[in-house]
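Engineer: One file is attached below, input_14.tsv, containing TSV, C-alpha atoms and all ligand atoms.
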```tsv
chain	number	residue	atom	x	y	z
V	285	MET	CA	183.40	132.29	123.63
V	286	GLU	CA	187.09	132.51	124.53
V	287	ASN	CA	187.55	134.83	121.58
V	288	GLU	CA	184.75	137.10	122.70
V	289	ILE	CA	186.28	137.36	126.19
V	290	GLN	CA	189.71	138.14	124.76
V	291	LYS	CA	188.25	140.73	122.37
V	292	ASN	CA	186.44	142.50	125.23
V	293	ALA	CA	189.54	142.45	127.42
V	294	LYS	CA	191.64	143.91	124.58
V	295	MET	CA	189.11	146.65	123.94
V	296	SER	CA	189.05	147.55	127.67
V	297	GLU	CA	192.85	147.71	127.68
V	298	LYS	CA	192.89	150.00	124.63
V	299	LEU	CA	190.27	152.31	126.08
V	300	GLU	CA	191.80	152.55	129.56
V	301	PRO	CA	194.20	155.48	128.93
V	302	TRP	CA	191.35	157.45	127.30
V	303	ILE	CA	188.98	156.75	130.15
V	304	ASN	CA	191.64	157.74	132.70
V	305	TYR	CA	192.19	161.00	130.80
V	306	LEU	CA	188.45	161.76	130.61
V	307	GLN	CA	188.22	161.27	134.38
V	308	SER	CA	191.38	163.21	135.20
V	309	ALA	CA	191.36	166.49	137.16
V	310	LYS	CA	192.97	168.21	134.14
V	311	PHE	CA	190.15	167.28	131.76
V	312	ARG	CA	187.47	168.07	134.35
V	313	THR	CA	188.99	171.53	134.90
V	314	SER	CA	188.79	172.21	131.13
V	315	VAL	CA	185.16	171.09	131.11
V	316	HIS	CA	184.46	173.42	134.06
V	317	TRP	CA	186.06	176.38	132.28
V	318	LEU	CA	184.01	175.63	129.21
V	319	ILE	CA	180.69	175.19	131.00
V	320	TYR	CA	180.96	177.60	133.92
V	321	ILE	CA	182.79	180.46	132.16
V	322	PHE	CA	182.84	180.19	128.36
V	323	VAL	CA	179.20	179.16	127.78
V	324	PRO	CA	177.50	181.78	130.01
V	325	LEU	CA	179.83	184.48	128.69
V	326	THR	CA	179.05	183.53	125.08
V	327	LEU	CA	175.32	183.46	125.79
V	328	PHE	CA	175.55	186.87	127.45
V	329	ILE	CA	177.43	188.35	124.48
V	330	LEU	CA	175.05	186.80	121.93
V	331	LEU	CA	171.80	187.67	123.66
V	332	VAL	CA	172.51	190.85	125.61
V	333	VAL	CA	175.34	192.57	123.73
V	334	LEU	CA	174.63	191.44	120.14
V	335	GLN	CA	170.86	191.07	120.72
V	336	GLN	CA	170.63	187.85	118.68
V	337	HIS	CA	167.15	187.13	119.97
V	338	ASN	CA	166.29	184.92	117.00
V	339	LEU	CA	168.44	182.26	118.71
V	340	ALA	CA	165.80	181.77	121.42
V	341	GLY	CA	164.09	178.76	119.76
V	342	GLN	CA	167.44	177.12	118.98
V	343	LEU	CA	168.55	177.50	122.60
V	344	GLY	CA	165.38	175.72	123.76
V	345	GLU	CA	166.10	172.95	121.26
V	346	TRP	CA	169.70	172.53	122.52
V	347	ALA	CA	168.55	172.54	126.15
V	348	TRP	CA	166.04	169.81	125.25
V	349	GLN	CA	168.69	167.66	123.55
V	350	ILE	CA	171.04	167.92	126.52
V	351	LEU	CA	168.18	167.14	128.89
V	352	ILE	CA	167.47	163.93	126.96
V	353	LEU	CA	171.16	163.04	127.16
V	354	ILE	CA	171.26	163.61	130.95
V	355	LEU	CA	168.11	161.62	131.63
V	356	PHE	CA	168.90	158.70	129.33
V	357	ILE	CA	172.62	158.34	130.15
V	358	LYS	CA	172.07	156.79	133.57
V	359	PRO	CA	169.66	153.96	132.72
V	360	ILE	CA	171.51	153.18	129.46
V	361	VAL	CA	174.94	153.03	131.14
V	362	LYS	CA	173.55	150.94	134.00
V	363	ILE	CA	171.85	148.52	131.60
V	364	ILE	CA	174.89	148.18	129.32
V	365	ALA	CA	176.91	147.76	132.54
V	366	ARG	CA	180.37	148.22	131.06
V	367	LYS	CA	182.92	149.85	133.31
V	368	GLU	CA	184.33	151.77	130.31
V	369	LEU	CA	181.11	153.82	130.22
V	370	MET	CA	180.72	154.55	133.94
V	371	TRP	CA	182.75	157.80	133.73
V	372	LEU	CA	179.85	159.30	131.72
V	373	LEU	CA	177.77	159.34	134.90
V	374	THR	CA	180.29	161.57	136.65
V	375	TYR	CA	179.64	164.43	134.20
V	376	ARG	CA	175.89	164.61	134.71
V	377	ARG	CA	176.11	167.61	137.05
V	378	GLU	CA	178.12	169.61	134.51
V	379	LEU	CA	175.66	168.66	131.76
V	380	GLY	CA	172.81	169.73	134.06
V	381	ILE	CA	174.37	173.18	134.52
V	382	LEU	CA	174.90	173.50	130.76
V	383	CYS	CA	171.27	172.49	130.17
V	384	PHE	CA	170.11	175.07	132.71
V	385	TYR	CA	172.08	177.91	131.07
V	386	LEU	CA	170.57	177.08	127.68
V	387	ALA	CA	167.01	176.61	129.00
V	388	PHE	CA	167.26	179.78	131.08
V	389	SER	CA	168.56	181.81	128.11
V	390	HIS	CA	165.71	180.40	126.01
V	391	LEU	CA	162.96	181.30	128.45
V	392	ALA	CA	164.48	184.62	129.57
V	393	THR	CA	164.83	185.78	125.94
V	394	ILE	CA	161.28	184.75	125.10
V	395	ILE	CA	159.84	186.29	128.27
V	396	PHE	CA	161.71	189.50	127.44
V	397	LEU	CA	160.64	189.48	123.76
V	398	LEU	CA	157.04	188.37	124.16
V	399	LYS	CA	156.42	190.29	127.35
V	400	GLY	CA	155.91	186.80	128.79
V	401	TYR	CA	155.90	188.16	132.31
V	402	GLN	CA	152.15	188.82	131.93
V	403	ILE	CA	150.60	185.96	133.91
V	404	THR	CA	147.67	185.66	131.44
V	405	ASN	CA	150.15	184.28	128.86
V	406	TYR	CA	150.27	181.07	130.89
V	407	PHE	CA	146.56	180.41	131.40
V	408	GLY	CA	144.93	177.25	130.02
V	409	LEU	CA	145.85	173.57	130.11
V	410	LYS	CA	146.22	173.59	126.31
V	411	ASN	CA	148.66	176.49	126.44
V	412	PHE	CA	152.24	175.35	125.64
V	413	MET	CA	153.64	178.30	127.63
V	414	LEU	CA	152.20	176.86	130.87
V	415	TYR	CA	154.26	173.66	130.55
V	416	GLY	CA	157.38	175.62	129.62
V	417	ALA	CA	156.92	177.83	132.69
V	418	ILE	CA	156.47	174.87	135.09
V	419	ALA	CA	159.57	173.27	133.59
V	420	GLY	CA	161.39	176.59	133.91
V	421	ILE	CA	160.57	176.80	137.64
V	422	ILE	CA	161.80	173.21	138.14
V	423	PHE	CA	164.99	174.03	136.21
V	424	ILE	CA	165.72	177.04	138.45
V	425	PHE	CA	165.02	175.01	141.57
V	426	LEU	CA	167.32	172.17	140.43
V	427	TYR	CA	170.05	174.63	139.50
V	428	LEU	CA	169.93	176.34	142.90
V	429	THR	CA	170.25	172.99	144.67
V	430	SER	CA	172.87	171.44	142.39
V	431	ASN	CA	175.84	172.35	144.63
V	432	ASN	CA	177.63	170.53	147.46
V	433	LEU	CA	176.27	172.91	150.12
V	434	ALA	CA	172.65	172.14	149.19
V	435	MET	CA	173.56	168.45	149.09
V	436	ARG	CA	174.92	168.64	152.66
V	437	ILE	CA	171.93	170.63	153.99
V	438	LEU	CA	169.22	168.58	152.31
V	439	LYS	CA	170.86	165.17	152.91
V	440	LYS	CA	168.41	162.39	151.88
V	441	ASN	CA	165.89	164.91	150.56
V	442	TRP	CA	168.43	166.14	148.01
V	443	LYS	CA	168.03	163.00	145.92
V	444	ARG	CA	164.24	163.24	146.15
V	445	LEU	CA	164.40	166.84	144.99
V	446	GLN	CA	166.68	165.98	142.08
V	447	SER	CA	164.17	163.39	140.87
V	448	LEU	CA	161.97	166.37	139.93
V	449	SER	CA	164.13	166.36	136.81
V	450	TYR	CA	162.12	163.35	135.58
V	451	LEU	CA	159.08	165.63	135.29
V	452	LEU	CA	160.97	167.78	132.80
V	453	LEU	CA	160.67	165.13	130.11
V	454	PRO	CA	156.83	165.05	129.96
V	455	LEU	CA	156.58	168.81	130.63
V	456	ILE	CA	158.87	169.87	127.79
V	457	SER	CA	157.29	167.22	125.57
V	458	ALA	CA	153.87	168.82	126.24
V	459	HIS	CA	155.46	172.26	125.62
V	460	GLN	CA	156.57	171.12	122.16
V	461	ILE	CA	153.51	169.02	121.26
V	462	LEU	CA	151.13	171.90	121.99
V	463	LEU	CA	153.42	174.35	120.21
V	464	ALA	CA	153.92	172.32	117.00
V	465	GLN	CA	150.41	170.75	116.88
V	466	GLU	CA	151.72	168.03	114.55
V	467	THR	CA	150.78	164.36	114.99
V	468	GLU	CA	154.18	163.07	113.88
V	469	ASP	CA	156.03	165.20	116.44
V	470	ALA	CA	153.54	164.24	119.14
V	471	LEU	CA	153.95	160.50	118.44
V	472	GLY	CA	157.75	160.80	118.49
V	473	LEU	CA	157.70	162.61	121.82
V	474	ILE	CA	155.22	160.16	123.37
V	475	ALA	CA	157.46	157.26	122.19
V	476	LEU	CA	160.44	158.98	123.81
V	477	ASN	CA	158.61	159.23	127.15
V	478	ILE	CA	157.57	155.56	126.97
V	479	ALA	CA	161.15	154.53	126.11
V	480	PHE	CA	162.39	156.43	129.16
V	481	ILE	CA	159.88	154.72	131.47
V	482	ILE	CA	160.91	151.29	130.11
V	483	LEU	CA	164.63	152.06	130.59
V	484	LYS	CA	164.02	153.26	134.17
V	485	ILE	CA	162.10	150.06	134.97
V	486	LEU	CA	164.97	147.96	133.58
V	487	GLU	CA	167.45	150.04	135.60
V	488	TYR	CA	165.35	149.73	138.77
V	489	LYS	CA	165.10	145.97	138.33
V	490	LYS	CA	168.88	145.88	137.77
V	491	ILE	CA	168.49	144.15	134.40
V	492	THR	CA	171.75	144.37	132.48
V	493	LEU	CA	173.21	143.20	129.19
V	494	LYS	CA	175.87	140.67	130.03
V	495	PHE	CA	179.25	141.18	128.39
V	496	LYS	CA	181.80	138.48	129.04
V	497	THR	CA	185.13	139.69	130.36
V	498	GLN	CA	187.87	137.84	132.18
V	499	THR	CA	186.99	139.67	135.40
V	500	ASN	CA	183.23	139.03	135.49
V	501	GLU	CA	183.31	135.58	133.94
N	1	LIG	C1	158.67	180.35	130.96
N	1	LIG	C2	159.22	179.35	130.31
N	1	LIG	C3	159.16	179.17	128.81
N	1	LIG	C4	158.57	179.92	127.85
N	1	LIG	C5	157.76	181.19	128.01
N	1	LIG	C6	158.85	179.28	126.58
N	1	LIG	C7	158.39	179.73	125.35
N	1	LIG	C8	158.66	179.14	124.14
N	1	LIG	C9	158.27	179.67	122.86
N	1	LIG	C10	157.51	180.98	122.63
N	1	LIG	C11	158.68	178.80	121.92
N	1	LIG	C12	158.54	178.96	120.40
N	1	LIG	C13	159.86	179.50	119.90
N	1	LIG	C14	160.02	179.46	118.42
N	1	LIG	O1	159.15	178.93	117.72
N	1	LIG	O2	161.07	179.96	117.95
N	1	LIG	C15	159.33	177.71	122.59
N	1	LIG	C16	159.87	176.62	121.97
N	1	LIG	C17	160.57	175.65	122.62
N	1	LIG	N1	160.88	175.60	123.94
N	1	LIG	FE1	160.27	176.87	125.37
N	1	LIG	N2	159.63	178.18	126.77
N	1	LIG	C18	159.83	178.06	128.13
N	1	LIG	C19	160.56	177.11	128.77
N	1	LIG	C20	161.25	176.10	128.14
N	1	LIG	C21	162.14	175.22	128.82
N	1	LIG	C22	162.47	175.21	130.31
N	1	LIG	C23	162.64	174.39	127.87
N	1	LIG	C24	163.65	173.34	128.18
N	1	LIG	C25	164.24	172.58	127.38
N	1	LIG	C26	162.02	174.73	126.58
N	1	LIG	C27	162.22	174.11	125.37
N	1	LIG	C28	161.67	174.50	124.18
N	1	LIG	C29	161.84	173.78	122.93
N	1	LIG	C30	162.63	172.50	122.72
N	1	LIG	C31	161.15	174.50	121.95
N	1	LIG	C32	161.01	174.17	120.48
N	1	LIG	C33	162.05	174.95	119.73
N	1	LIG	C34	161.95	174.78	118.23
N	1	LIG	O3	161.16	173.97	117.77
N	1	LIG	O4	162.67	175.52	117.56
N	1	LIG	N3	161.21	175.80	126.81
N	1	LIG	N4	159.32	177.97	123.94
```
Let's see the structure in the file written out as structure tokens.

Structural biologist:
Amino acid sequence: MENEIQKNAKMSEKLEPWINYLQSAKFRTSVHWLIYIFVPLTLFILLVVLQQHNLAGQLGEWAWQILILILFIKPIVKIIARKELMWLLTYRRELGILCFYLAFSHLATIIFLLKGYQITNYFGLKNFMLYGAIAGIIFIFLYLTSNNLAMRILKKNWKRLQSLSYLLLPLISAHQILLAQETEDALGLIALNIAFIILKILEYKKITLKFKTQTNE
């Protein structure tokens, strides 16, 4: 047991300079340049200037992967409960903005290409476009309220509003299940949704994996 404690303490010590760097103002500024300037500029050049519209599906896929990361990070970090991982939570807003840019580029390109602005394209509960559109509206709403000003104005309601992001998981899952119409994909996506619910319950009940360190012993 002593060995395990010492090993954990040594690992924390080794990781500390890295964690400090990842949380530093310098690193955060680089991330902001990348996400707030470089990414939208690149997307604009690719989609508007170079007209690479065939990227639309891939952009949706990337947005989906980042969304999974954002939603799963919090419960996983809280359950693992290691202070070395807590910094990950501080980058969720930046990841949210990145996810929005990708999702917005995906839906805007498709709407533009498929003349998706015709409302009849979204009719029917078995229509994958309907779920994409609802998710798209939620994305826009979350993006518009993801700043400090909205946080100050909305106060307690801000958190409630942000929990709309949980709906994105089942909505985009439905979007993909109805699009692909494949049992294997559907089962994988249903399992993902169930896994998320289980993790949120564990997080809510404050169930954590206990790692022995000299400080929490
Ligand atoms: C009005 C809103 C939306 C519309 C009209 C729409 C439309 C589409 C269409 C037509 C496809 C098929 C593309 C292809 O096969 O290349 C697709 C795929 C997809 N969409 Fe959306 N979408 C919308 C919103 C969203 C949002 C908000 C997300 C967020 C993540 C999303 C994620 C995806 C994913 C992951 C795929 C599968 C991509 C693939 O398998 O390559 N969509 N969408």

Engineer: Expressed in Å to a single decimal, how great is the separation between CA of Asn405 in chain V and atom C19 of ligand LIG 1 (chain N)?

Structural biologist: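 These two atoms are separated by 12.6 Å.
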
Engineer: Find the residues near ligand LIG 1 (chain N). Use a cut-off of 7 Å, count all atoms listed in the file, and write them as a PyMOL selection string.

Structural biologist: chain V and resi 340-342+344-345+347-348+351+387-388+390-391+394-395+400+413+416-417+419-420+423+456+459-460+463

Engineer: Let me make sure I understand: among V:Ile418, V:Ile403, V:Ile357, V:Leu318, which one has the smallest atom-to-atom distance to Leu369 in chain V if we use all atoms listed in the file?

Structural biologist: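 Among V:Ile418, V:Ile403, V:Ile357, V:Leu318, it is V:Ile357 that comes nearest to Leu369 in chain V.
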
Engineer: If you count only C-alpha atoms, which residues fall within 12 Å of range 441-444 of chain V, apart from same-chain ones fewer than 3 positions away, as a ChimeraX atom specification?

Structural biologist: /V:425-426,428-438,447-450

Engineer: Please identify all polymer residues within 10 Å of Pro454 in chain V, counting all atoms listed in the file, omitting same-chain residues fewer than 6 positions from it, and present them as a tab-separated table (two decimals) with C-alpha atoms, in the coordinates of the input.

Structural biologist:
```tsv
chain	number	residue	atom	x	y	z
V	415	TYR	CA	154.26	173.66	130.55
V	419	ALA	CA	159.57	173.27	133.59
V	460	GLN	CA	156.57	171.12	122.16
V	473	LEU	CA	157.70	162.61	121.82
V	474	ILE	CA	155.22	160.16	123.37
V	476	LEU	CA	160.44	158.98	123.81
V	477	ASN	CA	158.61	159.23	127.15
V	478	ILE	CA	157.57	155.56	126.97
```

Engineer: So how far away is CA of Leu397 in chain V from CA of His337 in chain V, in Å?

Structural biologist: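 Going from CA of His337 in chain V over to CA of Leu397 in chain V covers 7.9 Å.
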